[in-house]
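Q: entry-v4.tsv is reproduced below (TSV, C-alpha atoms).
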chain	number	residue	atom	x	y	z
V	24	MET	CA	4.51	40.42	-74.93
V	25	THR	CA	8.29	40.42	-75.29
V	26	PRO	CA	10.86	41.64	-72.73
V	27	GLY	CA	10.69	45.43	-72.44
V	28	SER	CA	7.39	45.80	-74.29
V	29	ASN	CA	4.45	47.59	-72.69
V	30	ILE	CA	0.72	48.03	-73.13
V	31	PRO	CA	-1.72	50.66	-71.85
V	32	LEU	CA	-4.17	49.18	-69.37
V	33	SER	CA	-7.78	49.32	-70.48
V	34	ALA	CA	-9.05	48.35	-67.03
V	35	ALA	CA	-8.64	50.16	-63.70
V	36	ARG	CA	-8.38	46.87	-61.82
V	37	VAL	CA	-6.04	44.20	-63.16
V	38	THR	CA	-4.96	40.77	-62.01
V	39	VAL	CA	-1.53	39.35	-62.74
V	40	ASP	CA	-1.44	35.59	-62.26
V	41	VAL	CA	1.68	33.51	-62.74
V	42	THR	CA	1.66	29.85	-63.75
V	43	ALA	CA	4.45	27.27	-64.04
V	44	PRO	CA	4.80	23.48	-63.90
V	45	VAL	CA	5.75	23.82	-60.21
V	46	ARG	CA	4.30	25.66	-57.23
V	47	LEU	CA	5.38	29.32	-57.14
V	48	ASP	CA	5.51	32.02	-54.48
V	49	VAL	CA	4.08	35.17	-56.07
V	50	SER	CA	4.44	38.62	-54.51
V	51	GLY	CA	4.04	42.31	-55.32
V	52	LEU	CA	6.02	45.37	-54.22
V	53	LEU	CA	4.82	48.97	-54.27
V	54	LEU	CA	7.68	51.23	-55.34
V	55	THR	CA	8.24	54.98	-55.21
V	56	ALA	CA	10.03	57.07	-57.83
V	57	ASP	CA	13.41	55.97	-56.43
V	58	GLY	CA	12.53	52.31	-57.03
V	59	LYS	CA	12.21	51.44	-53.32
V	60	VAL	CA	9.41	50.39	-51.00
V	61	ARG	CA	8.38	52.91	-48.36
V	62	SER	CA	8.34	50.23	-45.63
V	63	ASP	CA	7.80	46.50	-45.20
V	64	ASP	CA	4.05	47.18	-45.52
V	65	ASP	CA	4.63	47.65	-49.26
V	66	PHE	CA	5.71	44.02	-49.66
V	67	ILE	CA	2.55	42.05	-50.50
V	68	PHE	CA	2.70	38.25	-50.34
V	69	TYR	CA	0.98	35.23	-48.80
V	70	ASN	CA	1.83	36.24	-45.23
V	71	GLN	CA	0.89	39.90	-45.76
V	72	PRO	CA	-1.83	39.66	-48.39
V	73	SER	CA	-3.10	43.22	-48.61
V	74	GLY	CA	-1.74	46.71	-48.99
V	75	PRO	CA	-2.92	50.04	-50.41
V	76	GLY	CA	-4.38	49.21	-53.81
V	77	VAL	CA	-2.60	45.86	-54.05
V	78	THR	CA	-3.66	42.43	-52.81
V	79	TYR	CA	-2.29	38.90	-52.97
V	80	ARG	CA	-4.71	36.15	-54.00
V	81	SER	CA	-3.87	32.54	-53.27
V	82	GLY	CA	-4.81	29.95	-55.84
V	83	GLY	CA	-5.06	27.33	-53.09
V	84	GLY	CA	-2.94	24.90	-55.10
V	85	GLY	CA	-5.61	24.44	-57.76
V	86	ALA	CA	-5.16	27.79	-59.49
V	87	PRO	CA	-2.24	30.19	-59.92
V	88	ASP	CA	-1.44	32.70	-57.20
V	89	ALA	CA	-1.99	36.29	-58.31
V	90	ILE	CA	-1.43	39.93	-57.49
V	91	VAL	CA	-4.45	42.22	-57.95
V	92	VAL	CA	-3.82	45.92	-58.56
V	93	ASP	CA	-6.56	48.52	-58.20
V	94	THR	CA	-4.97	51.54	-59.84
V	95	THR	CA	-7.64	53.86	-58.41
V	96	ALA	CA	-6.60	52.91	-54.87
V	97	VAL	CA	-2.81	53.07	-55.29
V	98	PRO	CA	-1.64	55.90	-52.99
V	99	PRO	CA	0.11	59.04	-54.27
V	100	GLY	CA	3.86	58.60	-54.46
V	101	ILE	CA	3.67	54.99	-55.64
V	102	GLU	CA	4.69	54.90	-59.29
V	103	LYS	CA	5.17	51.21	-59.91
V	104	ILE	CA	4.03	47.79	-58.70
V	105	VAL	CA	6.38	44.94	-59.59
V	106	VAL	CA	5.14	41.35	-59.63
V	107	THR	CA	7.69	38.70	-58.67
V	108	ALA	CA	7.75	34.92	-58.54
V	109	SER	CA	10.07	32.25	-57.18
V	110	PRO	CA	9.75	28.44	-56.99
V	111	ASP	CA	8.33	27.27	-53.67
V	112	ALA	CA	10.94	24.50	-53.41
V	113	ALA	CA	14.14	25.74	-51.78
V	114	GLY	CA	16.99	26.29	-54.21
V	115	GLN	CA	15.01	25.31	-57.33
V	116	THR	CA	15.80	27.35	-60.45
V	117	PHE	CA	13.56	28.31	-63.36
V	118	GLN	CA	15.56	26.08	-65.72
V	119	GLY	CA	12.97	24.17	-67.75
V	120	ILE	CA	9.99	25.54	-65.80
V	121	GLU	CA	9.50	28.90	-67.51
V	122	PRO	CA	6.57	30.75	-65.91
V	123	THR	CA	3.85	32.65	-67.75
V	124	ALA	CA	2.31	35.85	-66.42
V	125	THR	CA	-1.22	36.63	-67.55
V	126	ILE	CA	-2.56	40.16	-67.13
V	127	ARG	CA	-6.36	40.19	-66.87
V	128	ASN	CA	-9.20	42.61	-66.34
V	129	ALA	CA	-9.93	41.87	-62.67
V	130	ASP	CA	-13.67	42.47	-63.15
V	131	ASP	CA	-14.40	40.10	-66.03
V	132	SER	CA	-11.19	38.00	-66.19
V	133	SER	CA	-10.64	38.88	-69.86
V	134	VAL	CA	-7.00	38.54	-70.93
V	135	LEU	CA	-5.17	41.78	-71.66
V	136	ALA	CA	-1.71	40.31	-72.27
V	137	THR	CA	0.57	37.35	-71.52
V	138	PHE	CA	4.31	37.13	-71.08
V	139	THR	CA	6.74	34.20	-70.76
V	140	PRO	CA	10.34	35.24	-69.98
V	141	PRO	CA	12.66	33.48	-72.44
V	142	GLN	CA	15.97	31.69	-71.94
V	143	LEU	CA	15.86	31.18	-68.18
V	144	GLY	CA	18.56	29.17	-66.42
V	145	SER	CA	20.02	29.63	-62.93
V	146	GLU	CA	17.45	32.22	-61.84
V	147	THR	CA	15.67	31.36	-58.58
V	148	ALA	CA	13.46	34.47	-58.58
V	149	LEU	CA	12.07	36.81	-61.23
V	150	VAL	CA	10.56	40.23	-61.57
V	151	ILE	CA	8.10	39.17	-64.24
V	152	VAL	CA	5.98	42.23	-65.00
V	153	GLU	CA	5.41	45.70	-63.62
V	154	VAL	CA	2.32	47.86	-63.52
V	155	TYR	CA	3.39	51.49	-63.69
V	156	GLN	CA	2.09	55.01	-64.19
V	157	ARG	CA	3.43	57.28	-66.93
V	158	GLY	CA	1.92	60.68	-67.80
V	159	GLY	CA	-1.28	59.91	-65.94
V	160	GLN	CA	-1.76	56.60	-67.81
V	161	TRP	CA	-1.38	53.18	-66.18
V	162	LYS	CA	0.53	50.63	-68.22
V	163	ALA	CA	2.00	47.15	-67.90
V	164	ARG	CA	5.53	46.21	-68.96
V	165	ALA	CA	7.09	42.79	-69.53
V	166	VAL	CA	10.32	42.59	-67.52
V	167	GLY	CA	11.70	39.07	-66.97
V	168	GLN	CA	14.61	40.19	-64.77
V	169	GLY	CA	16.14	37.22	-62.98
V	170	TYR	CA	17.96	36.82	-59.66
V	171	ALA	CA	20.26	33.91	-58.85
V	172	ASN	CA	19.92	34.47	-55.09
V	173	GLY	CA	16.16	34.15	-54.83
V	174	LEU	CA	14.06	36.58	-52.86
V	175	ALA	CA	17.26	37.98	-51.35
V	176	GLY	CA	18.20	39.79	-54.55
V	177	ILE	CA	14.73	41.22	-55.03
V	178	ALA	CA	14.40	42.31	-51.41
V	179	THR	CA	17.80	44.00	-51.44
V	180	ASP	CA	17.18	45.78	-54.72
V	181	PHE	CA	13.85	47.19	-53.63
V	182	GLY	CA	14.72	48.07	-50.05
V	183	VAL	CA	12.67	45.48	-48.17
V	184	THR	CA	14.11	45.29	-44.67
V	185	VAL	CA	11.60	43.22	-42.67
V	186	GLU	CA	12.14	40.24	-44.93
V	187	GLU	CA	15.89	40.54	-45.37
V	188	PRO	CA	16.63	37.56	-43.12
V	189	ALA	CA	14.06	35.60	-45.10
V	190	ALA	CA	15.52	36.78	-48.32
V	191	GLN	CA	18.74	34.99	-47.56
V	192	PRO	CA	17.67	31.39	-47.12
V	193	VAL	CA	19.73	30.94	-50.22
V	194	THR	CA	22.89	31.40	-48.19
V	195	PRO	CA	22.26	29.12	-45.21
V	196	PRO	CA	22.13	26.01	-47.34
V	197	GLN	CA	25.59	26.80	-48.77
V	198	PRO	CA	27.55	26.94	-45.52
V	199	VAL	CA	29.10	23.55	-45.89
V	200	THR	CA	32.17	25.17	-44.38
V	201	PRO	CA	30.50	26.12	-41.09
V	202	PRO	CA	30.46	22.89	-39.13
V	203	PRO	CA	28.21	20.28	-40.69
V	204	ALA	CA	29.50	17.85	-38.09
V	205	PRO	CA	28.24	19.80	-35.05
V	206	VAL	CA	24.70	19.34	-36.30
V	207	GLN	CA	24.65	15.79	-35.04
V	208	PRO	CA	27.62	14.87	-32.89
V	209	PRO	CA	27.44	11.59	-31.00
V	210	ALA	CA	25.19	11.87	-27.99
V	211	PRO	CA	27.36	10.10	-25.39
V	212	PRO	CA	30.82	11.82	-25.54
V	213	VAL	CA	31.89	12.95	-22.11
V	214	SER	CA	34.87	14.76	-23.57
V	215	ALA	CA	32.64	17.12	-25.53
V	216	PRO	CA	31.70	19.45	-22.63
V	217	ALA	CA	35.19	20.96	-22.64
V	218	ALA	CA	34.80	22.12	-26.27
V	219	PRO	CA	31.39	23.88	-26.23
V	220	PRO	CA	32.57	27.14	-24.67
V	221	ALA	CA	34.75	27.80	-27.73
V	222	ALA	CA	32.04	26.69	-30.16
V	223	PRO	CA	28.57	28.22	-30.65
V	224	ALA	CA	26.42	27.48	-27.63
V	225	THR	CA	23.68	26.12	-29.85
V	226	PRO	CA	24.92	22.77	-31.22
V	227	PRO	CA	23.51	19.70	-29.47
V	228	PRO	CA	26.68	18.85	-27.50
V	229	PRO	CA	26.77	22.06	-25.44
V	230	ALA	CA	24.54	20.67	-22.75
V	231	PRO	CA	24.05	23.15	-19.93
V	232	GLY	CA	25.70	22.65	-16.60
V	233	ALA	CA	24.75	19.22	-15.39
V	234	GLY	CA	24.77	17.69	-18.86
V	235	LYS	CA	22.06	16.08	-20.91
V	236	ILE	CA	18.82	15.05	-19.22
V	237	ASN	CA	16.69	12.04	-20.14
V	238	LEU	CA	13.06	11.12	-19.51
V	239	ASP	CA	13.69	8.24	-17.09
V	240	LYS	CA	12.19	10.21	-14.20
V	241	GLY	CA	9.20	11.45	-16.18
V	242	ARG	CA	8.21	14.94	-17.31
V	243	VAL	CA	11.08	17.43	-17.71
V	244	SER	CA	10.93	21.20	-17.31
V	245	LEU	CA	13.77	22.74	-19.31
V	246	GLN	CA	15.63	25.98	-18.82
V	247	LYS	CA	17.15	27.91	-21.70
V	248	ASN	CA	19.93	25.96	-23.49
V	249	GLN	CA	19.21	22.74	-21.61
V	250	THR	CA	18.96	19.55	-23.65
V	251	VAL	CA	16.84	16.47	-23.04
V	252	SER	CA	17.37	13.15	-24.81
V	253	LEU	CA	14.07	11.70	-25.97
V	254	ILE	CA	14.84	8.22	-24.70
V	255	LYS	CA	13.53	6.38	-21.68
V	256	GLY	CA	15.19	3.40	-20.05
V	257	GLY	CA	17.75	3.36	-22.84
V	258	ARG	CA	15.07	2.84	-25.51
V	259	PRO	CA	14.23	5.42	-28.21
V	260	LEU	CA	10.98	7.06	-27.20
V	261	LEU	CA	7.94	7.47	-29.40
V	262	SER	CA	7.43	7.45	-33.11
V	263	SER	CA	5.23	10.54	-33.03
V	264	VAL	CA	5.42	13.72	-30.98
V	265	LYS	CA	3.45	16.96	-30.83
V	266	MET	CA	4.97	20.35	-30.14
V	267	GLY	CA	2.35	22.57	-28.54
V	268	LEU	CA	3.05	26.30	-28.54
V	269	GLY	CA	0.98	28.72	-26.52
V	270	TRP	CA	0.78	32.32	-25.41
V	271	GLU	CA	-1.57	34.72	-23.73
V	272	PRO	CA	-2.98	37.90	-25.28
V	273	ALA	CA	-0.88	41.01	-24.89
V	274	TYR	CA	-1.18	42.96	-21.68
V	275	ARG	CA	-4.10	45.38	-21.37
V	276	GLY	CA	-6.31	42.93	-23.23
V	277	LYS	CA	-5.07	43.61	-26.76
V	278	ASP	CA	-5.12	40.70	-29.18
V	279	ILE	CA	-1.86	39.48	-30.62
V	280	ASP	CA	-1.41	37.31	-33.69
V	281	LEU	CA	1.46	34.92	-33.06
V	282	ASP	CA	2.30	32.21	-35.59
V	283	ALA	CA	4.00	28.95	-34.69
V	284	SER	CA	6.14	27.21	-37.31
V	285	VAL	CA	8.75	24.50	-37.69
V	286	ILE	CA	11.70	24.66	-40.09
V	287	ALA	CA	13.26	21.41	-41.33
V	288	TYR	CA	16.98	21.17	-42.14
V	289	GLY	CA	19.39	18.63	-43.58
V	290	PRO	CA	22.84	17.61	-42.30
V	291	GLN	CA	24.59	20.59	-43.92
V	292	ARG	CA	22.15	23.04	-42.31
V	293	ASN	CA	20.40	23.18	-45.66
V	294	HIS	CA	16.81	24.41	-45.53
V	295	ILE	CA	14.46	21.62	-46.62
V	296	ASP	CA	11.03	23.14	-45.95
V	297	SER	CA	8.96	25.17	-43.48
V	298	CYS	CA	5.61	24.20	-41.96
V	299	TYR	CA	3.37	27.09	-40.86
V	300	PHE	CA	-0.24	28.27	-41.07
V	301	GLY	CA	0.10	28.84	-44.84
V	302	LYS	CA	1.60	25.39	-45.48
V	303	LEU	CA	0.05	22.91	-43.08
V	304	GLN	CA	1.96	19.80	-44.21
V	305	ILE	CA	5.54	19.21	-45.34
V	306	VAL	CA	7.90	16.27	-46.03
V	307	GLY	CA	5.12	14.01	-47.24
V	308	GLY	CA	2.81	14.76	-44.32
V	309	ALA	CA	5.30	13.65	-41.66
V	310	ILE	CA	5.05	17.18	-40.20
V	311	ARG	CA	1.60	18.75	-39.81
V	312	HIS	CA	0.38	22.11	-38.48
V	313	SER	CA	-2.92	22.57	-36.64
V	314	GLY	CA	-3.71	25.95	-38.27
V	315	ASP	CA	-3.62	29.60	-37.32
V	316	ASN	CA	-4.75	31.16	-34.02
V	317	LEU	CA	-5.17	34.91	-34.49
V	318	THR	CA	-5.41	36.08	-30.88
V	319	GLY	CA	-4.02	33.61	-28.34
V	320	GLU	CA	-7.46	33.36	-26.75
V	321	GLY	CA	-8.62	30.09	-25.23
V	322	GLY	CA	-7.07	27.55	-22.92
V	323	GLY	CA	-4.36	25.08	-23.79
V	324	ASP	CA	-1.99	25.16	-26.73
V	325	ASP	CA	-2.73	27.83	-29.31
V	326	GLU	CA	-1.06	25.99	-32.20
V	327	VAL	CA	0.17	22.40	-32.38
V	328	ILE	CA	2.72	20.90	-34.76
V	329	THR	CA	2.70	17.10	-35.05
V	330	VAL	CA	5.94	15.38	-36.06
V	331	ASP	CA	5.89	11.71	-37.06
V	332	LEU	CA	9.53	10.95	-36.23
V	333	GLY	CA	9.26	7.48	-37.69
V	334	ARG	CA	8.21	8.84	-41.09
V	335	LEU	CA	10.72	11.67	-41.36
V	336	PRO	CA	13.08	11.20	-44.32
V	337	GLN	CA	16.69	10.50	-43.35
V	338	GLU	CA	17.67	13.81	-44.94
V	339	VAL	CA	15.82	15.65	-42.16
V	340	THR	CA	18.28	15.90	-39.27
V	341	GLY	CA	17.17	19.09	-37.50
V	342	LEU	CA	13.89	20.83	-36.69
V	343	VAL	CA	13.65	24.36	-35.25
V	344	PHE	CA	10.34	25.49	-33.74
V	345	THR	CA	9.67	29.21	-33.98
V	346	VAL	CA	7.02	31.76	-33.04
V	347	ASN	CA	6.53	35.05	-34.88
V	348	SER	CA	4.43	38.11	-34.12
V	349	PHE	CA	2.83	38.74	-37.51
V	350	SER	CA	0.80	41.62	-36.03
V	351	GLY	CA	4.09	43.38	-35.29
V	352	GLN	CA	3.82	43.50	-31.50
V	353	LYS	CA	7.04	42.74	-29.65
V	354	PHE	CA	7.43	39.80	-27.30
V	355	THR	CA	7.73	42.26	-24.43
V	356	GLU	CA	4.00	42.79	-25.00
V	357	VAL	CA	3.12	39.09	-24.80
V	358	ALA	CA	1.88	38.00	-21.40
V	359	LYS	CA	3.68	34.65	-21.58
V	360	ALA	CA	4.76	32.09	-24.12
V	361	TYR	CA	5.75	28.45	-23.82
V	362	CYS	CA	6.32	25.26	-25.78
V	363	ARG	CA	5.77	21.69	-24.66
V	364	LEU	CA	6.51	18.32	-26.23
V	365	LEU	CA	3.75	15.72	-26.02
V	366	ASP	CA	3.53	12.00	-26.69
V	367	GLY	CA	1.73	11.96	-30.05
V	368	ALA	CA	-0.23	8.83	-29.13
V	369	THR	CA	-1.27	9.52	-25.53
V	370	GLY	CA	-1.07	13.32	-25.30
V	371	GLU	CA	1.15	12.99	-22.21
V	372	GLU	CA	3.33	16.04	-21.63
V	373	LEU	CA	7.01	15.05	-21.74
V	374	VAL	CA	8.99	18.29	-21.89
V	375	ARG	CA	8.05	21.91	-21.17
V	376	PHE	CA	9.91	25.18	-21.70
V	377	ASP	CA	8.49	28.47	-20.43
V	378	LEU	CA	9.81	31.68	-21.94
V	379	THR	CA	10.65	33.57	-18.76
V	380	SER	CA	12.35	36.57	-20.36
V	381	ALA	CA	11.51	38.59	-23.46
V	382	GLU	CA	13.13	41.02	-25.86
V	383	ALA	CA	11.58	43.76	-27.99
V	384	GLN	CA	11.66	41.58	-31.11
V	385	THR	CA	8.99	39.99	-33.32
V	386	GLY	CA	10.38	36.44	-33.59
V	387	VAL	CA	11.70	33.80	-31.22
V	388	MET	CA	13.29	30.39	-31.76
V	389	MET	CA	11.68	28.32	-29.02
V	390	ALA	CA	13.27	24.87	-29.33
V	391	LYS	CA	15.07	22.50	-31.66
V	392	LEU	CA	15.04	18.75	-32.22
V	393	ILE	CA	18.30	17.21	-33.46
V	394	ARG	CA	18.69	13.68	-34.78
V	395	GLN	CA	21.76	11.99	-33.30
V	396	PHE	CA	24.06	9.51	-35.08
V	397	SER	CA	22.41	6.79	-33.05
V	398	GLY	CA	19.03	7.70	-34.52
V	399	GLU	CA	17.52	9.11	-31.33
V	400	TRP	CA	16.40	12.72	-31.03
V	401	ASP	CA	17.47	15.44	-28.57
V	402	MET	CA	15.38	18.50	-27.72
V	403	THR	CA	17.09	21.75	-26.69
V	404	ALA	CA	15.29	24.77	-25.24
V	405	MET	CA	16.37	27.94	-27.05
V	406	GLY	CA	14.46	31.16	-26.32
V	407	ASP	CA	16.54	33.17	-28.81
V	408	PHE	CA	14.93	36.32	-30.23
V	409	VAL	CA	15.11	37.48	-33.85
V	410	LYS	CA	13.76	40.47	-35.77
V	411	SER	CA	11.25	38.81	-38.10
V	412	ARG	CA	7.47	38.81	-38.39
V	413	THR	CA	7.35	35.69	-40.58
V	414	VAL	CA	8.89	32.24	-40.69
V	415	ARG	CA	10.82	33.21	-43.83
V	416	GLY	CA	12.93	35.55	-41.74
V	417	MET	CA	13.76	32.73	-39.32
V	418	VAL	CA	15.35	30.38	-41.86
V	419	LYS	CA	18.88	31.81	-41.72
V	420	PRO	CA	19.19	32.40	-37.94
V	421	ALA	CA	17.64	29.00	-37.24
V	422	ALA	CA	20.17	27.34	-39.56
V	423	GLN	CA	22.97	29.08	-37.70
V	424	SER	CA	21.62	27.76	-34.40
V	425	LEU	CA	22.06	24.13	-35.42
Take the structure in the file and write it out as C-alpha cells.

A:
Amino acid sequence: MTPGSNIPLSAARVTVDVTAPVRLDVSGLLLTADGKVRSDDDFIFYNQPSGPGVTYRSGGGGAPDAIVVDTTAVPPGIEKIVVTASPDAAGQTFQGIEPTATIRNADDSSVLATFTPPQLGSETALVIVEVYQRGGQWKARAVGQGYANGLAGIATDFGVTVEEPAAQPVTPPQPVTPPPAPVQPPAPPVSAPAAPPAAPATPPPPAPGAGKINLDKGRVSLQKNQTVSLIKGGRPLLSSVKMGLGWEPAYRGKDIDLDASVIAYGPQRNHIDSCYFGKLQIVGGAIRHSGDNLTGEGGGDDEVITVDLGRLPQEVTGLVFTVNSFSGQKFTEVAKAYCRLLDGATGEELVRFDLTSAEAQTGVMMAKLIRQFSGEWDMTAMGDFVKSRTVRGMVKPAAQSL
C-alpha cells in the first residue's frame, strides 16, 4: 500500500501488527465521527489491552505487538480505529527504523496488505493505518501520519485525557532550563535550608524541619517530605536495596488493582526508562520488578522493586517510586498504602513511609531516591497524588518533583 490508499477488508476480524528494527509501543484508538475517543476506555494499549471490538496483543519481545479488530463487535458510533506506534526508547525517532504494518486475516493469519511509511525523520510516533467503515463496508487505509512529540501529539489530536500526562514525557526531558542543579545538590550544605522555601519543596535539599536524617540509629520511619541519607557511620550503605510497596484491598472488601513502578531519570530530569509490571527489568537489569499483584490480598509487600545501586549507570541520578490504581478506584478507597526500603542482601527494613492521608486521585508518587555529588543516595518520602492510572502518566509530574 502507499500513503492514502485503501483496500476493502475481506475478513471480519483483522490483525494489524507493526514491526521495526527496534521495540515499539503499539496502540489502537476507537474514534467517533468527530475523530475523537469517547473516553479513555477507547485507548487500547499494553496497560489497557481490551476494549469493545478492539484488543491489544503483545508479541512478548519475540513477535511484533498487534491490534486486533473484530468489526462485528465494534459498537455503533465508532467509525474508525487508528493503529499507532512509537519507539519504546524515550526520545528515539523513526529515522532509519521505518516500521512496517501488516494487515492480516485474524482467523488464518493470511496477509491482506502491508504498508511501510516512506521518508520518515524526526517523527517519534505514527498513525500507521486505520480501519474504518464507509457505506456499510469496512476498509483499511494506509496513513503514515507522523508526530514529533510522541504520544502527546496523538493523544491530543484524538481527545485522550487519561493519558495526557503520559503523552508529554517528551517535554520533561527538555527542561534543561528548570534547575538541573537542584537534582543533586551537595548533601552537607547547612546554608541550603534557608533557600528551600522559595524553591520547589521537592528537591533533595529541602529537608523537613530538623534536617536530614541518617541510619546511624537504625530503622527510620519517615513523614511526608522528610529525607534520610542512606549512609551509616559515615559509610555509604548497601549496594542493593529493595523498595517494597503494599496496600490493603479497598474498604467493603472490594478488590483493587494497584501497580507499583519506578521511573529512572538523568541529571537534567530526562526520562531514561520506567520499570513496571509490563517491563520487569530496565537499565541492564540493575532495576527489577517482582510482577503484578491484582488485588492487594496477602500479607507483606504486594510488589517489590529491587535496585542494584552499585550497577546503576552514572547517567541515572534519580528514581521516583509510584503507585497507580489501574482499576480506576481512587486512593480514598484504599484501606492503607505504604512503602519501605529494605537491605537487598539481608531483607532488613531500613526506612518506612506510611501514607496517612489520601486524595481522590488514581496515582501517587510515594518516594524518590536521589544520587548526591558524593555518590551516596538520599531517600525522600513524597505522598504526592496525581491523576493517572498508569506509570506513563507519572513521567512528567515525577520529573518535576526532582

Q: One number please: atom CA of Ala34 of chain V to atom CA of Ile104 of chain V, in Å, one decimal.

A: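 According to the coordinates, atom CA of Ala34 of chain V and atom CA of Ile104 of chain V are separated by 15.5 Å.
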
Q: Which of these, V:Arg80, V:Arg334, V:Arg363, V:Lys162, has the shortest distance to Asp48 of chain V once you count all atoms listed in the file?

A: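 Under the stated criterion, the closest residue is V:Arg80.
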
Q: With 4 Å added on each side, what axis-aligned box encloses every listed atom of segment 29-36 of chain V? Give the centre and edge lengths in Å to one decimal, as JSON.

A:
{"center_x": -2.3, "center_y": 48.8, "center_z": -67.5, "size_x": 21.5, "size_y": 11.8, "size_z": 19.3}

Q: Quick one: residues within 6 Å of Cys362 of chain V, all atoms listed in the file counted, chain neighbours fewer than 6 positions away excluded, as a VMD selection string?

A: chain V and resid 267 to 268 375 to 376

Q: Using atom CA of Val414 of chain V and atom CA of Phe300 of chain V as the two end points, give the distance in Å to one decimal.

A: 10.0 Å

Q: Please identify all polymer residues within 7 Å of Val374 of chain V, counting all atoms listed in the file, omitting same-chain residues fewer than 3 positions from it, and present them as a compact mmCIF listing (two decimals) with C-alpha atoms, in the frame of the given file.

A:
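Listing of out00.txt after writing:
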# COMPACT_ATOMS: atom_id res chain seq x y z
CA ARG V 242 8.21 14.94 -17.31
CA VAL V 243 11.08 17.43 -17.71
CA SER V 244 10.93 21.20 -17.31
CA ARG V 363 5.77 21.69 -24.66
CA LEU V 364 6.51 18.32 -26.23

Q: Go ahead and compute the interatomic distance for atom CA of Ser284 of chain V and atom CA of Asp296 of chain V, in Å to one decimal.

A: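 Atom-to-atom, atom CA of Ser284 of chain V to atom CA of Asp296 of chain V, that is 10.7 Å.
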
Q: Skipping near chain neighbours, those fewer than 6 positions away, what residues fall within 12 Å of Ile236 of chain V using all atoms listed in the file, listed as a ChimeraX atom specification?

A: /V:210-211,230,242-246,248-255,374,401-404

Q: Check the smallest atom-to-atom distance from each of V:Arg36, V:Ala148, V:Pro75, V:Leu54 to Asp131 of chain V using only C-alpha atoms, then report the winner.

A: V:Arg36

Q: Find the residues near His312 of chain V: any atom within 10 Å, counting only C-alpha atoms, skip ones fewer than 4 places away on the same chain, and give them as number ranges by chain.

A: V: 265-266, 283-285, 298-305, 308, 326-330

Q: Write a file of the selected residues as a tab-separated table (two decimals), keeping the file's coordinate frame, keeping C-alpha atoms.

A:
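Dumped to out-v4.tsv:
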chain	number	residue	atom	x	y	z
V	265	LYS	CA	3.45	16.96	-30.83
V	266	MET	CA	4.97	20.35	-30.14
V	283	ALA	CA	4.00	28.95	-34.69
V	284	SER	CA	6.14	27.21	-37.31
V	285	VAL	CA	8.75	24.50	-37.69
V	298	CYS	CA	5.61	24.20	-41.96
V	299	TYR	CA	3.37	27.09	-40.86
V	300	PHE	CA	-0.24	28.27	-41.07
V	301	GLY	CA	0.10	28.84	-44.84
V	302	LYS	CA	1.60	25.39	-45.48
V	303	LEU	CA	0.05	22.91	-43.08
V	304	GLN	CA	1.96	19.80	-44.21
V	305	ILE	CA	5.54	19.21	-45.34
V	308	GLY	CA	2.81	14.76	-44.32
V	326	GLU	CA	-1.06	25.99	-32.20
V	327	VAL	CA	0.17	22.40	-32.38
V	328	ILE	CA	2.72	20.90	-34.76
V	329	THR	CA	2.70	17.10	-35.05
V	330	VAL	CA	5.94	15.38	-36.06

Q: For Ala108 of chain V, find every residue with an atom within 12 Å (counting all atoms listed in the file), except residues of its own chain fewer than 6 positions away, and show them as a PyMOL selection string.

A: chain V and resi 39-43+45-52+67-69+87-90+116-117+121-124+140+146-152+167-170+173-174+177

Q: Would you mind telling me which residue in V:Phe181, V:Phe138, V:Tyr79, V:Phe408 lies nearest to Ala163 of chain V when using only C-alpha atoms?

A: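 Looking only at the distances to Ala163 of chain V, the closest residue turns out to be V:Phe138.
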
Q: Using all atoms listed in the file, find all polymer residues with an atom at most 6 Å away from the point (11.8, 28.3, -23.9); report them as a short mmCIF file (atom, residue, chain, number, x, y, z; two decimals) with C-alpha atoms, keeping the file's coordinate frame.

A:
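result_17.cif, freshly written:
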data_model
loop_
_atom_site.label_atom_id
_atom_site.label_comp_id
_atom_site.auth_asym_id
_atom_site.auth_seq_id
_atom_site.Cartn_x
_atom_site.Cartn_y
_atom_site.Cartn_z
CA LYS V 247 17.15 27.91 -21.70
CA PHE V 376 9.91 25.18 -21.70
CA ASP V 377 8.49 28.47 -20.43
CA LEU V 378 9.81 31.68 -21.94
CA MET V 389 11.68 28.32 -29.02
CA ALA V 404 15.29 24.77 -25.24
CA MET V 405 16.37 27.94 -27.05
CA GLY V 406 14.46 31.16 -26.32
#

Q: Which is closest to Ala368 of chain V among V:Ser262, V:Ser133, V:Ser297, V:Gln395, if we use only C-alpha atoms?

A: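 Closest residue, counting only C-alpha atoms: V:Ser262.
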
Q: Which residue gives the smallest distance to Val60 of chain V among V:Asp325, V:Asp366, V:Asp282, V:Asp180, with all atoms listed in the file counted?

A: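 Ranking V:Asp325, V:Asp366, V:Asp282, V:Asp180 by distance to Val60 of chain V, first place goes to V:Asp180.
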